[in-house]
>>> print(open('input_17.txt').read())   # compact mmCIF, C-alpha atoms
# COMPACT_ATOMS: atom_id res chain seq x y z
CA MET A 220 -25.93 -12.69 -2.94
CA ILE A 221 -23.06 -15.12 -2.43
CA LYS A 222 -20.14 -12.85 -1.62
CA PHE A 223 -16.85 -13.36 -3.38
CA LEU A 224 -15.14 -13.10 0.00
CA ASP A 225 -16.82 -12.42 3.35
CA LEU A 226 -14.06 -10.86 5.46
CA HIS A 227 -16.42 -10.02 8.32
CA LYS A 228 -17.45 -13.66 8.64
CA ILE A 229 -13.83 -14.83 8.47
CA ASN A 230 -12.73 -12.52 11.27
CA GLU A 231 -15.79 -13.10 13.45
CA ARG A 232 -14.67 -16.72 13.98
CA GLN A 233 -11.81 -15.42 16.14
CA ARG A 234 -13.35 -12.19 17.37
CA PRO A 235 -12.69 -12.75 21.10
CA GLU A 236 -9.01 -13.60 20.48
CA ILE A 237 -8.60 -10.66 18.09
CA ASP A 238 -10.25 -8.28 20.56
CA ALA A 239 -7.91 -9.51 23.30
CA ALA A 240 -4.86 -9.07 21.07
CA VAL A 241 -5.88 -5.51 20.14
CA LYS A 242 -6.50 -4.65 23.79
CA ARG A 243 -3.09 -6.06 24.73
CA VAL A 244 -1.38 -3.80 22.20
CA LEU A 245 -3.37 -0.73 23.24
CA ASP A 246 -2.63 -1.38 26.90
CA SER A 247 1.08 -1.81 26.20
CA GLY A 248 1.52 1.71 24.82
CA TRP A 249 4.07 0.31 22.32
CA TYR A 250 2.88 0.33 18.71
CA LEU A 251 5.89 -0.24 16.41
CA LEU A 252 8.78 -2.74 16.35
CA GLY A 253 7.86 -4.32 19.65
CA LYS A 254 7.05 -7.66 21.21
CA GLU A 255 4.15 -8.43 18.87
CA ASN A 256 6.41 -8.11 15.82
CA GLU A 257 8.99 -10.30 17.52
CA GLN A 258 6.48 -13.01 18.36
CA PHE A 259 4.86 -13.07 14.92
CA SER A 260 8.31 -13.16 13.30
CA LYS A 261 9.24 -16.23 15.32
CA ASP A 262 5.95 -18.01 14.69
CA PHE A 263 5.81 -17.28 10.96
CA ALA A 264 9.47 -18.26 10.56
CA ARG A 265 8.71 -21.59 12.22
CA TYR A 266 5.66 -22.04 9.99
CA CYS A 267 7.57 -21.33 6.76
CA GLY A 268 10.67 -23.23 7.86
CA VAL A 269 13.02 -20.25 7.49
CA LYS A 270 15.57 -18.57 9.74
CA HIS A 271 14.35 -15.00 9.39
CA VAL A 272 11.07 -13.14 9.03
CA ILE A 273 11.19 -9.35 8.77
CA PRO A 274 7.71 -7.78 9.11
CA VAL A 275 7.14 -4.76 6.85
CA ALA A 276 4.29 -2.44 5.87
CA ASN A 277 2.94 -4.38 2.88
CA GLY A 278 3.71 -6.98 0.25
CA LEU A 279 4.99 -4.54 -2.37
CA ASP A 280 7.49 -3.12 0.11
CA ALA A 281 8.64 -6.64 0.96
CA LEU A 282 9.65 -7.18 -2.68
CA ARG A 283 11.04 -3.65 -3.07
CA LEU A 284 13.22 -4.13 -0.01
CA ILE A 285 14.61 -7.45 -1.22
CA VAL A 286 15.68 -5.95 -4.55
CA LYS A 287 17.09 -2.90 -2.78
CA ALA A 288 18.98 -4.98 -0.22
CA TYR A 289 20.68 -6.98 -2.96
CA GLY A 290 21.90 -3.71 -4.44
CA PHE A 291 20.25 -4.23 -7.82
CA GLY A 292 19.67 -1.02 -9.74
CA PRO A 293 19.87 0.76 -13.10
CA GLY A 294 21.29 -1.45 -15.84
CA ASP A 295 20.29 -4.65 -14.03
CA GLU A 296 17.55 -6.94 -15.33
CA ILE A 297 15.18 -9.09 -13.29
CA ILE A 298 13.05 -11.76 -14.95
CA VAL A 299 9.39 -11.66 -13.92
CA PRO A 300 6.28 -13.50 -15.09
CA ALA A 301 4.23 -11.59 -17.63
CA ASN A 302 1.06 -12.93 -16.00
CA THR A 303 1.01 -11.34 -12.56
CA TYR A 304 -0.35 -8.48 -10.51
CA ILE A 305 1.46 -5.22 -11.27
CA ALA A 306 3.11 -5.11 -7.82
CA THR A 307 5.64 -7.71 -8.95
CA VAL A 308 6.80 -5.46 -11.78
CA LEU A 309 6.63 -2.30 -9.65
CA ALA A 310 9.10 -3.78 -7.15
CA VAL A 311 11.62 -4.19 -9.97
CA SER A 312 11.17 -0.84 -11.72
CA ASP A 313 10.98 1.09 -8.44
CA ASN A 314 14.62 0.13 -7.86
CA GLY A 315 15.62 1.29 -11.33
CA CYS A 316 15.95 -2.25 -12.65
CA THR A 317 14.50 -3.46 -15.94
CA PRO A 318 11.69 -6.04 -15.73
CA VAL A 319 12.04 -8.77 -18.36
CA LEU A 320 8.67 -10.43 -18.86
CA VAL A 321 8.36 -14.17 -19.53
CA GLU A 322 5.15 -15.88 -20.63
CA PRO A 323 3.25 -18.30 -18.34
CA ASP A 324 2.33 -21.94 -18.69
CA ILE A 325 -1.30 -21.81 -19.82
CA ALA A 326 -2.08 -24.83 -17.61
CA THR A 327 -0.86 -23.39 -14.29
CA TYR A 328 -0.82 -19.63 -15.08
CA ASN A 329 2.62 -19.49 -13.43
CA ILE A 330 5.85 -18.56 -15.21
CA ASN A 331 6.91 -21.19 -17.76
CA PRO A 332 10.32 -22.50 -16.61
CA ASP A 333 11.13 -23.66 -20.14
CA LEU A 334 11.05 -20.07 -21.45
CA ILE A 335 13.28 -18.46 -18.83
CA GLU A 336 16.74 -19.30 -20.15
CA ALA A 337 16.12 -17.53 -23.45
CA ALA A 338 15.43 -14.32 -21.51
CA ILE A 339 18.69 -14.40 -19.52
CA THR A 340 21.38 -11.89 -20.54
CA PRO A 341 24.69 -10.76 -18.98
CA ARG A 342 22.65 -8.06 -17.19
CA THR A 343 20.25 -10.51 -15.51
CA LYS A 344 20.57 -10.52 -11.72
CA ALA A 345 17.54 -12.45 -10.49
CA ILE A 346 14.45 -14.45 -11.33
CA MET A 347 11.35 -13.29 -9.49
CA VAL A 348 8.78 -16.08 -9.42
CA VAL A 349 5.15 -15.54 -8.47
CA HIS A 350 3.11 -18.32 -6.88
CA LEU A 351 0.04 -16.96 -8.61
CA TYR A 352 -3.51 -17.60 -7.40
CA GLY A 353 -2.06 -19.77 -4.61
CA GLN A 354 -0.19 -22.40 -6.64
CA ALA A 355 3.51 -22.96 -5.94
CA VAL A 356 5.78 -22.57 -8.94
CA GLU A 357 7.63 -25.66 -10.16
CA MET A 358 11.11 -24.79 -8.94
CA GLU A 359 13.52 -27.51 -10.12
CA LYS A 360 14.38 -26.05 -13.52
CA ILE A 361 14.48 -22.54 -12.08
CA ARG A 362 16.96 -23.56 -9.40
CA ILE A 363 19.18 -25.16 -12.04
CA LEU A 364 19.13 -21.98 -14.12
CA ALA A 365 19.82 -19.79 -11.08
CA GLU A 366 22.85 -21.87 -10.20
CA LYS A 367 24.09 -22.01 -13.80
CA TYR A 368 23.93 -18.23 -14.27
CA ASN A 369 24.59 -17.17 -10.65
CA LEU A 370 21.17 -15.58 -10.22
CA LYS A 371 19.12 -14.89 -7.12
CA ILE A 372 15.63 -16.39 -6.82
CA ILE A 373 13.08 -14.02 -5.31
CA GLU A 374 9.62 -15.35 -4.50
CA ASP A 375 6.49 -13.24 -4.70
CA ALA A 376 4.49 -15.36 -2.26
CA ALA A 377 1.73 -12.79 -1.71
CA GLN A 378 -1.02 -15.23 -2.71
CA ALA A 379 0.41 -18.55 -1.55
CA HIS A 380 0.72 -18.66 2.24
CA GLY A 381 1.25 -22.30 3.16
CA ALA A 382 1.56 -23.76 -0.34
CA VAL A 383 4.12 -26.57 -0.49
CA TRP A 384 6.56 -27.65 -3.18
CA GLN A 385 8.51 -30.88 -2.61
CA GLY A 386 8.09 -30.73 1.15
CA ARG A 387 9.01 -27.05 1.56
CA LYS A 388 6.64 -24.14 1.99
CA THR A 389 6.60 -21.04 -0.16
CA GLY A 390 8.85 -18.45 1.38
CA ASN A 391 11.53 -21.11 1.65
CA LEU A 392 11.93 -22.02 -2.02
CA GLY A 393 14.38 -19.32 -3.09
CA ASP A 394 16.88 -16.84 -1.66
CA ALA A 395 14.23 -14.49 -0.27
CA ALA A 396 10.47 -14.05 -0.47
CA GLY A 397 7.93 -11.29 -0.09
CA PHE A 398 4.54 -11.94 1.52
CA SER A 399 1.46 -9.75 1.62
CA PHE A 400 -1.05 -9.93 4.47
CA TYR A 401 -3.63 -7.71 2.77
CA PRO A 402 -7.01 -8.47 4.42
CA GLY A 403 -8.21 -10.70 1.57
CA LYS A 404 -5.19 -13.02 1.62
CA ASN A 405 -5.37 -16.55 3.03
CA LEU A 406 -3.58 -15.10 6.06
CA GLY A 407 -4.96 -11.58 6.19
CA ALA A 408 -4.39 -8.68 8.55
CA LEU A 409 -6.92 -5.96 9.37
CA GLY A 410 -5.13 -3.55 7.05
CA ASP A 411 -1.93 -3.51 5.02
CA ALA A 412 0.97 -5.64 6.22
CA GLY A 413 3.74 -7.76 4.71
CA ALA A 414 6.94 -9.65 5.46
CA VAL A 415 10.22 -10.81 4.00
CA THR A 416 11.40 -14.38 4.62
CA THR A 417 14.96 -15.57 4.07
CA ASN A 418 17.69 -17.88 5.36
CA ASP A 419 20.39 -15.30 4.54
CA ASP A 420 21.66 -13.70 7.76
CA GLU A 421 23.31 -10.75 6.02
CA LEU A 422 20.31 -10.00 3.84
CA ALA A 423 17.94 -10.17 6.83
CA ALA A 424 20.05 -7.74 8.85
CA LYS A 425 20.18 -5.28 5.95
CA ILE A 426 16.42 -5.43 5.34
CA GLU A 427 15.74 -4.91 9.05
CA ALA A 428 17.66 -1.65 8.77
CA LEU A 429 16.30 -0.64 5.35
CA ARG A 430 12.67 -0.92 6.50
CA ASN A 431 13.45 1.52 9.34
CA TYR A 432 14.98 4.47 7.47
CA GLY A 433 18.17 2.45 6.94
CA SER A 434 18.84 2.53 10.67
CA LYS A 435 19.76 -0.08 13.27
CA VAL A 436 20.51 2.50 15.98
CA LYS A 437 18.12 5.44 16.25
CA TYR A 438 19.32 8.52 14.35
CA GLN A 439 22.25 6.60 12.85
CA ASN A 440 21.55 5.67 9.23
CA LEU A 441 23.62 3.03 7.49
CA TYR A 442 21.58 3.06 4.28
CA GLN A 443 19.14 5.21 2.35
CA GLY A 444 16.16 3.26 3.59
CA LEU A 445 12.37 3.35 3.71
CA ASN A 446 9.71 3.72 6.37
CA SER A 447 8.09 0.30 6.04
CA ARG A 448 7.21 -1.22 9.39
CA MET A 449 4.37 -3.56 10.33
CA ASP A 450 2.52 -2.02 13.26
CA GLU A 451 2.05 -3.99 16.46
CA LEU A 452 -1.72 -4.27 16.01
CA GLN A 453 -1.36 -6.10 12.68
CA ALA A 454 1.37 -8.37 14.04
CA ALA A 455 -0.81 -9.31 17.02
CA VAL A 456 -3.82 -10.07 14.83
CA LEU A 457 -1.77 -12.12 12.36
CA ASP A 458 -0.34 -14.19 15.19
CA VAL A 459 -3.88 -14.95 16.37
CA LYS A 460 -4.89 -16.07 12.88
CA LEU A 461 -1.75 -18.04 11.93
CA PRO A 462 -2.70 -21.28 13.78
CA LEU A 463 -5.83 -21.59 11.61
CA LEU A 464 -4.01 -21.13 8.29
CA ASP A 465 -3.46 -24.80 7.42
CA LYS A 466 -7.03 -25.69 8.37
CA ASP A 467 -8.35 -22.79 6.28
CA ASN A 468 -6.18 -23.80 3.32
CA ASN A 469 -7.49 -27.34 3.52
CA ARG A 470 -11.06 -26.06 3.47
CA ARG A 471 -10.24 -24.05 0.35
CA ARG A 472 -8.81 -27.21 -1.25
CA GLU A 473 -11.98 -29.12 -0.38
CA ILE A 474 -14.10 -26.46 -2.08
CA ALA A 475 -11.80 -26.42 -5.10
CA ASP A 476 -11.95 -30.21 -5.34
CA TYR A 477 -15.74 -30.05 -5.29
CA TYR A 478 -15.78 -27.37 -7.98
CA LEU A 479 -13.38 -29.37 -10.14
CA LYS A 480 -15.46 -32.54 -9.88
CA ASN A 481 -18.86 -30.95 -10.36
CA ILE A 482 -18.53 -27.96 -12.70
CA THR A 483 -19.24 -29.55 -16.06
CA ASN A 484 -20.19 -26.61 -18.26
CA PRO A 485 -18.22 -27.08 -21.50
CA LYS A 486 -17.82 -23.32 -21.89
CA ILE A 487 -15.78 -23.13 -18.69
CA ILE A 488 -12.07 -24.00 -18.53
CA LEU A 489 -11.17 -25.10 -15.01
CA PRO A 490 -7.81 -24.53 -13.26
CA GLN A 491 -5.22 -27.28 -12.96
CA ALA A 492 -3.42 -28.13 -9.74
CA LYS A 493 -0.24 -30.15 -10.16
CA TYR A 494 -0.68 -31.70 -6.73
CA ARG A 495 -2.89 -31.00 -3.75
CA GLU A 496 -0.48 -29.49 -1.22
CA GLY A 497 1.01 -27.23 -3.87
CA HIS A 498 -2.12 -25.11 -4.23
CA VAL A 499 -3.89 -23.15 -1.51
CA PHE A 500 -6.51 -21.64 -3.86
CA HIS A 501 -6.21 -18.03 -2.85
CA VAL A 502 -8.59 -17.61 -5.76
CA PHE A 503 -10.39 -20.14 -7.95
CA VAL A 504 -9.82 -18.89 -11.49
CA VAL A 505 -11.75 -20.22 -14.47
CA ARG A 506 -11.66 -19.10 -18.10
CA THR A 507 -14.29 -18.46 -20.73
CA GLU A 508 -14.27 -16.69 -24.08
CA GLU A 509 -17.50 -14.93 -23.08
CA ARG A 510 -16.35 -13.48 -19.80
CA GLU A 511 -18.45 -10.33 -19.69
CA ARG A 512 -21.65 -12.20 -20.49
CA PHE A 513 -20.74 -14.90 -17.95
CA GLN A 514 -19.97 -12.38 -15.20
CA ASN A 515 -23.21 -10.51 -15.82
CA TYR A 516 -25.13 -13.79 -15.72
CA LEU A 517 -23.58 -14.77 -12.40
CA SER A 518 -24.31 -11.36 -10.90
CA GLU A 519 -27.94 -11.57 -12.03
CA ASN A 520 -28.13 -14.95 -10.30
CA GLY A 521 -26.70 -13.74 -6.99
CA ILE A 522 -23.05 -14.73 -7.34
CA GLN A 523 -20.31 -12.15 -6.87
CA THR A 524 -17.10 -12.58 -8.90
CA VAL A 525 -13.80 -10.74 -9.40
CA ILE A 526 -11.38 -10.62 -12.32
CA HIS A 527 -7.73 -11.26 -11.38
CA TYR A 528 -6.67 -9.30 -13.48
CA PRO A 529 -8.36 -7.53 -16.41
CA VAL A 530 -5.26 -5.74 -17.78
CA PRO A 531 -1.77 -7.32 -17.80
CA PRO A 532 1.19 -5.23 -16.59
CA HIS A 533 2.67 -4.79 -20.07
CA LYS A 534 -0.56 -3.15 -21.29
CA GLN A 535 -0.83 -0.68 -18.41
CA PRO A 536 -0.33 3.06 -19.09
CA ALA A 537 2.27 3.05 -16.30
CA TYR A 538 4.53 0.87 -18.50
CA LYS A 539 4.30 2.51 -21.91
CA GLU A 540 7.74 1.15 -22.75
CA LEU A 541 6.28 -2.38 -22.54
CA ASN A 542 3.02 -1.73 -24.37
CA ASN A 543 4.32 -3.06 -27.70
CA LEU A 544 5.40 -6.45 -26.31
CA ASN A 545 3.78 -9.45 -27.96
CA LEU A 546 2.71 -11.76 -25.15
CA PRO A 547 -0.26 -13.72 -26.56
CA ILE A 548 -0.61 -16.28 -23.78
CA THR A 549 -0.67 -13.61 -21.08
CA GLU A 550 -3.13 -11.51 -23.06
CA LYS A 551 -5.41 -14.49 -23.64
CA ILE A 552 -5.44 -15.26 -19.91
CA HIS A 553 -6.27 -11.69 -18.98
CA ARG A 554 -9.11 -11.60 -21.52
CA GLU A 555 -10.73 -14.80 -20.29
CA ILE A 556 -10.17 -15.26 -16.54
CA ILE A 557 -12.77 -14.78 -13.86
CA SER A 558 -12.61 -15.84 -10.21
CA LEU A 559 -15.49 -17.69 -8.56
CA PRO A 560 -16.23 -17.36 -4.83
CA ILE A 561 -13.97 -19.46 -2.62
CA SER A 562 -13.15 -19.03 1.05
CA GLN A 563 -12.86 -20.99 4.25
CA VAL A 564 -16.26 -19.75 5.46
CA MET A 565 -18.37 -20.72 2.45
CA THR A 566 -21.17 -23.12 3.30
CA ASP A 567 -21.86 -26.34 1.42
CA GLU A 568 -25.14 -24.85 0.25
CA GLU A 569 -23.37 -21.84 -1.23
CA ILE A 570 -20.85 -24.05 -3.01
CA LYS A 571 -23.62 -26.18 -4.53
CA GLN A 572 -25.49 -23.07 -5.60
CA VAL A 573 -22.43 -21.71 -7.42
CA ILE A 574 -22.02 -25.02 -9.25
CA GLU A 575 -25.68 -25.20 -10.16
CA VAL A 576 -25.71 -21.67 -11.58
CA VAL A 577 -22.43 -22.13 -13.49
CA ASN A 578 -23.58 -25.38 -15.03
CA ALA A 579 -26.91 -23.84 -16.12
CA TRP A 580 -25.21 -21.06 -18.10
CA LYS A 581 -25.76 -21.36 -21.85
>>> encode(input="input_17.txt", output="structure tokens")
Amino acid sequence: MIKFLDLHKINERQRPEIDAAVKRVLDSGWYLLGKENEQFSKDFARYCGVKHVIPVANGLDALRLIVKAYGFGPGDEIIVPANTYIATVLAVSDNGCTPVLVEPDIATYNINPDLIEAAITPRTKAIMVVHLYGQAVEMEKIRILAEKYNLKIIEDAAQAHGAVWQGRKTGNLGDAAGFSFYPGKNLGALGDAGAVTTNDDELAAKIEALRNYGSKVKYQNLYQGLNSRMDELQAAVLDVKLPLLDKDNNRRREIADYYLKNITNPKIILPQAKYREGHVFHVFVVRTEERERFQNYLSENGIQTVIHYPVPPHKQPAYKELNNLNLPITEKIHREIISLPISQVMTDEEIKQVIEVVNAWK
């Protein structure tokens, strides 16, 4: 079986360094908000090209904290892509804000910039873009709209570590960004972890307090905050893995390039990358009108796949108030998408086998 993602194999490449980092943390006796967090913050800030990185417990909390720190709440609207993982929408509704869903571009699967302005109202406070599947959103039109209507741009960069748009990395394309370091991400921890990136000094200081019960000084609480801290073990491991991120992303691009050139089955719709550095292929998503039959066929032929995602947010029971929305492009995507194996540790033989099996499907 060709695994969709072999996390054991990915982490084994750096096992001695990871073991040493874990031992260092254990020996230190300091497990939260310590030197490992400080070092990873500095290194990831340098990597993204931003002033501030605030490590938090997970990617959802990173987005929740950004919305909370801006003071957005009941009565406020935040524009989000209709085609996304539910965490994007949860970050908005958890703060009492109203998510306003905008359809994607069928070519990129990212939010369609040409449809955003029609969704803006006097209650709109921000546009939350998602660099979905690893492809950076086209930001020019969005920046123009944000300036025109005095809106914040919040990036959900959970799937796009290292993707570049016009010379700048994700995490540095808006006012603030939330990252996830869930183990399966391109830069993955050994458990849940996340971070906020921003160039806004005031926002960074507030989020640093909010993630720690709203406190800067122990037992003195400035805000009604959360408990959302990245532990020292995860920070240490992430700092070990960060230097390999660009190399790993390039390997993913090589695999994607090979897929794009050699998958020729007419029943399969391949993804489109606007330009090479803009996509880090967190997942390689294809579409077919016969998804269930295709997935079963691949499984029978030793290829593991995943669907990202089978049910769109507006059709989830958790959002009954959105269930009646008519979002045909989003719904079509969620009916047809399926993700093929792609990772930095796939062998050439495995890649060729995937292509051979996909092309033989009838």
>>> residues_near_point(input="input_17.txt", point="(16.4, -6.0, 4.9)", cutoff="10 Å", atoms="only C-alpha atoms", output="list of chain:residue names")
A:Val272, A:Ile273, A:Pro274, A:Val275, A:Ala281, A:Arg283, A:Leu284, A:Ile285, A:Val286, A:Lys287, A:Ala288, A:Tyr289, A:Val415, A:Thr416, A:Thr417, A:Asp420, A:Glu421, A:Leu422, A:Ala423, A:Ala424, A:Lys425, A:Ile426, A:Glu427, A:Ala428, A:Leu429, A:Arg430, A:Asn431, A:Gly433, A:Gly444
>>> closest_residue(input="input_17.txt", among="A:Asp465, A:Glu257, A:Glu322, A:Glu374", to="Ile552 in chain A", atoms="all atoms listed in the file")
A:Glu322
>>> closest_residue(input="input_17.txt", among="A:Glu451, A:Thr327, A:Ile482, A:Trp580", to="Lys254 in chain A", atoms="only C-alpha atoms")
A:Glu451
>>> residues_around(input="input_17.txt", residues="range 333-342 of chain A", least_positions_apart="3", cutoff="10 Å", atoms="all atoms listed in the file", output="list in words")
Gly294, Asp295, Glu296, Ile297, Ile298, Val299, Pro300, Cys316, Thr317, Val319, Leu320, Val321, Glu322, Pro323, Asp324, Ile330, Ala345, Ile346, Lys360, Ile361, Leu364, Ala365, Tyr368 and Leu370 of chain A
>>> residues_around(input="input_17.txt", residues="range 377-379 of chain A", least_positions_apart="5", cutoff="8 Å", atoms="all atoms listed in the file", output="VMD selection string")
chain A and resid 278 350 to 355 389 397 to 400 404 to 405 498 to 501
>>> residues_around(input="input_17.txt", residues="Gly386 in chain A", least_positions_apart="4", cutoff="10 Å", atoms="only C-alpha atoms", output="PDB file with C-alpha atoms, in the frame of the given file")
ATOM      1  CA  ALA A 382       1.560 -23.760  -0.340  1.00  0.00           C
ATOM      2  CA  GLU A 496      -0.480 -29.490  -1.220  1.00  0.00           C
ATOM      3  CA  GLY A 497       1.010 -27.230  -3.870  1.00  0.00           C
TER       4      GLY A 497
END
>>> closest_residue(input="input_17.txt", among="A:Gly290, A:Leu559, A:Ile372, A:Asn578", to="Tyr442 in chain A", atoms="only C-alpha atoms")
A:Gly290
>>> closest_residue(input="input_17.txt", among="A:His227, A:Lys261, A:Lys344, A:Arg243", to="Val456 in chain A", atoms="all atoms listed in the file")
A:Arg243
>>> closest_residue(input="input_17.txt", among="A:Pro235, A:Pro293, A:Pro531, A:Gly268", to="Arg554 in chain A", atoms="all atoms listed in the file")
A:Pro531
>>> atom_distance(input="input_17.txt", atom1="CA of Ile556 in chain A", atom2="CA of Asn277 in chain A")
25.8 Å
>>> closest_residue(input="input_17.txt", among="A:Asn369, A:Ser260, A:Gln443, A:Ser312", to="Leu461 in chain A", atoms="all atoms listed in the file")
A:Ser260
>>> atom_distance(input="input_17.txt", atom1="CA of Val504 in chain A", atom2="CA of Met347 in chain A")
22.0 Å
>>> atom_distance(input="input_17.txt", atom1="CA of Asn302 in chain A", atom2="CA of Asn329 in chain A")
7.2 Å
>>> residues_near_point(input="input_17.txt", point="(-20.8, -15.6, -2.0)", cutoff="12 Å", atoms="only C-alpha atoms", output="PyMOL selection string")
chain A and resi 220-226+228+517-518+520-525+558-574
>>> write_last_selection(input="input_17.txt", atoms="C-alpha atoms", output="short mmCIF file (atom, residue, chain, number, x, y, z; two decimals), in the frame of the given file")
data_model
loop_
_atom_site.label_atom_id
_atom_site.label_comp_id
_atom_site.auth_asym_id
_atom_site.auth_seq_id
_atom_site.Cartn_x
_atom_site.Cartn_y
_atom_site.Cartn_z
CA MET A 220 -25.93 -12.69 -2.94
CA ILE A 221 -23.06 -15.12 -2.43
CA LYS A 222 -20.14 -12.85 -1.62
CA PHE A 223 -16.85 -13.36 -3.38
CA LEU A 224 -15.14 -13.10 0.00
CA ASP A 225 -16.82 -12.42 3.35
CA LEU A 226 -14.06 -10.86 5.46
CA LYS A 228 -17.45 -13.66 8.64
CA LEU A 517 -23.58 -14.77 -12.40
CA SER A 518 -24.31 -11.36 -10.90
CA ASN A 520 -28.13 -14.95 -10.30
CA GLY A 521 -26.70 -13.74 -6.99
CA ILE A 522 -23.05 -14.73 -7.34
CA GLN A 523 -20.31 -12.15 -6.87
CA THR A 524 -17.10 -12.58 -8.90
CA VAL A 525 -13.80 -10.74 -9.40
CA SER A 558 -12.61 -15.84 -10.21
CA LEU A 559 -15.49 -17.69 -8.56
CA PRO A 560 -16.23 -17.36 -4.83
CA ILE A 561 -13.97 -19.46 -2.62
CA SER A 562 -13.15 -19.03 1.05
CA GLN A 563 -12.86 -20.99 4.25
CA VAL A 564 -16.26 -19.75 5.46
CA MET A 565 -18.37 -20.72 2.45
CA THR A 566 -21.17 -23.12 3.30
CA ASP A 567 -21.86 -26.34 1.42
CA GLU A 568 -25.14 -24.85 0.25
CA GLU A 569 -23.37 -21.84 -1.23
CA ILE A 570 -20.85 -24.05 -3.01
CA LYS A 571 -23.62 -26.18 -4.53
CA GLN A 572 -25.49 -23.07 -5.60
CA VAL A 573 -22.43 -21.71 -7.42
CA ILE A 574 -22.02 -25.02 -9.25
#
>>> residues_around(input="input_17.txt", residues="Thr307 in chain A", least_positions_apart="2", cutoff="9 Å", atoms="all atoms listed in the file", output="list in words")
Leu279, Leu282, Arg283, Val299, Pro300, Thr303, Tyr304, Ile305, Leu309, Ala310, Val311, Met347, Val348, Val349 and Asp375 of chain A
>>> write_last_selection(input="input_17.txt", atoms="C-alpha atoms", output="CSV table (one decimal), in the frame of the given file")
chain,number,residue,atom,x,y,z
A,279,LEU,CA,5.0,-4.5,-2.4
A,282,LEU,CA,9.6,-7.2,-2.7
A,283,ARG,CA,11.0,-3.6,-3.1
A,299,VAL,CA,9.4,-11.7,-13.9
A,300,PRO,CA,6.3,-13.5,-15.1
A,303,THR,CA,1.0,-11.3,-12.6
A,304,TYR,CA,-0.4,-8.5,-10.5
A,305,ILE,CA,1.5,-5.2,-11.3
A,309,LEU,CA,6.6,-2.3,-9.6
A,310,ALA,CA,9.1,-3.8,-7.2
A,311,VAL,CA,11.6,-4.2,-10.0
A,347,MET,CA,11.4,-13.3,-9.5
A,348,VAL,CA,8.8,-16.1,-9.4
A,349,VAL,CA,5.2,-15.5,-8.5
A,375,ASP,CA,6.5,-13.2,-4.7
>>> decode(input="input_17.txt", residues="range 305-316 of chain A", atoms="C-alpha atoms", output="mmCIF file, in the first residue's frame")
data_model
loop_
_atom_site.group_PDB
_atom_site.id
_atom_site.type_symbol
_atom_site.label_atom_id
_atom_site.label_comp_id
_atom_site.auth_asym_id
_atom_site.auth_seq_id
_atom_site.Cartn_x
_atom_site.Cartn_y
_atom_site.Cartn_z
ATOM 1 C CA ILE A 305 -14.548 24.201 8.841
ATOM 2 C CA ALA A 306 -11.888 25.643 11.190
ATOM 3 C CA THR A 307 -11.856 28.865 9.156
ATOM 4 C CA VAL A 308 -15.564 29.387 9.790
ATOM 5 C CA LEU A 309 -15.354 28.237 13.420
ATOM 6 C CA ALA A 310 -12.803 30.960 14.188
ATOM 7 C CA VAL A 311 -15.328 33.560 13.037
ATOM 8 C CA SER A 312 -18.466 32.201 14.695
ATOM 9 C CA ASP A 313 -16.644 31.359 17.940
ATOM 10 C CA ASN A 314 -16.143 35.104 18.434
ATOM 11 C CA GLY A 315 -19.813 35.812 17.801
ATOM 12 C CA CYS A 316 -19.162 37.206 14.324
#
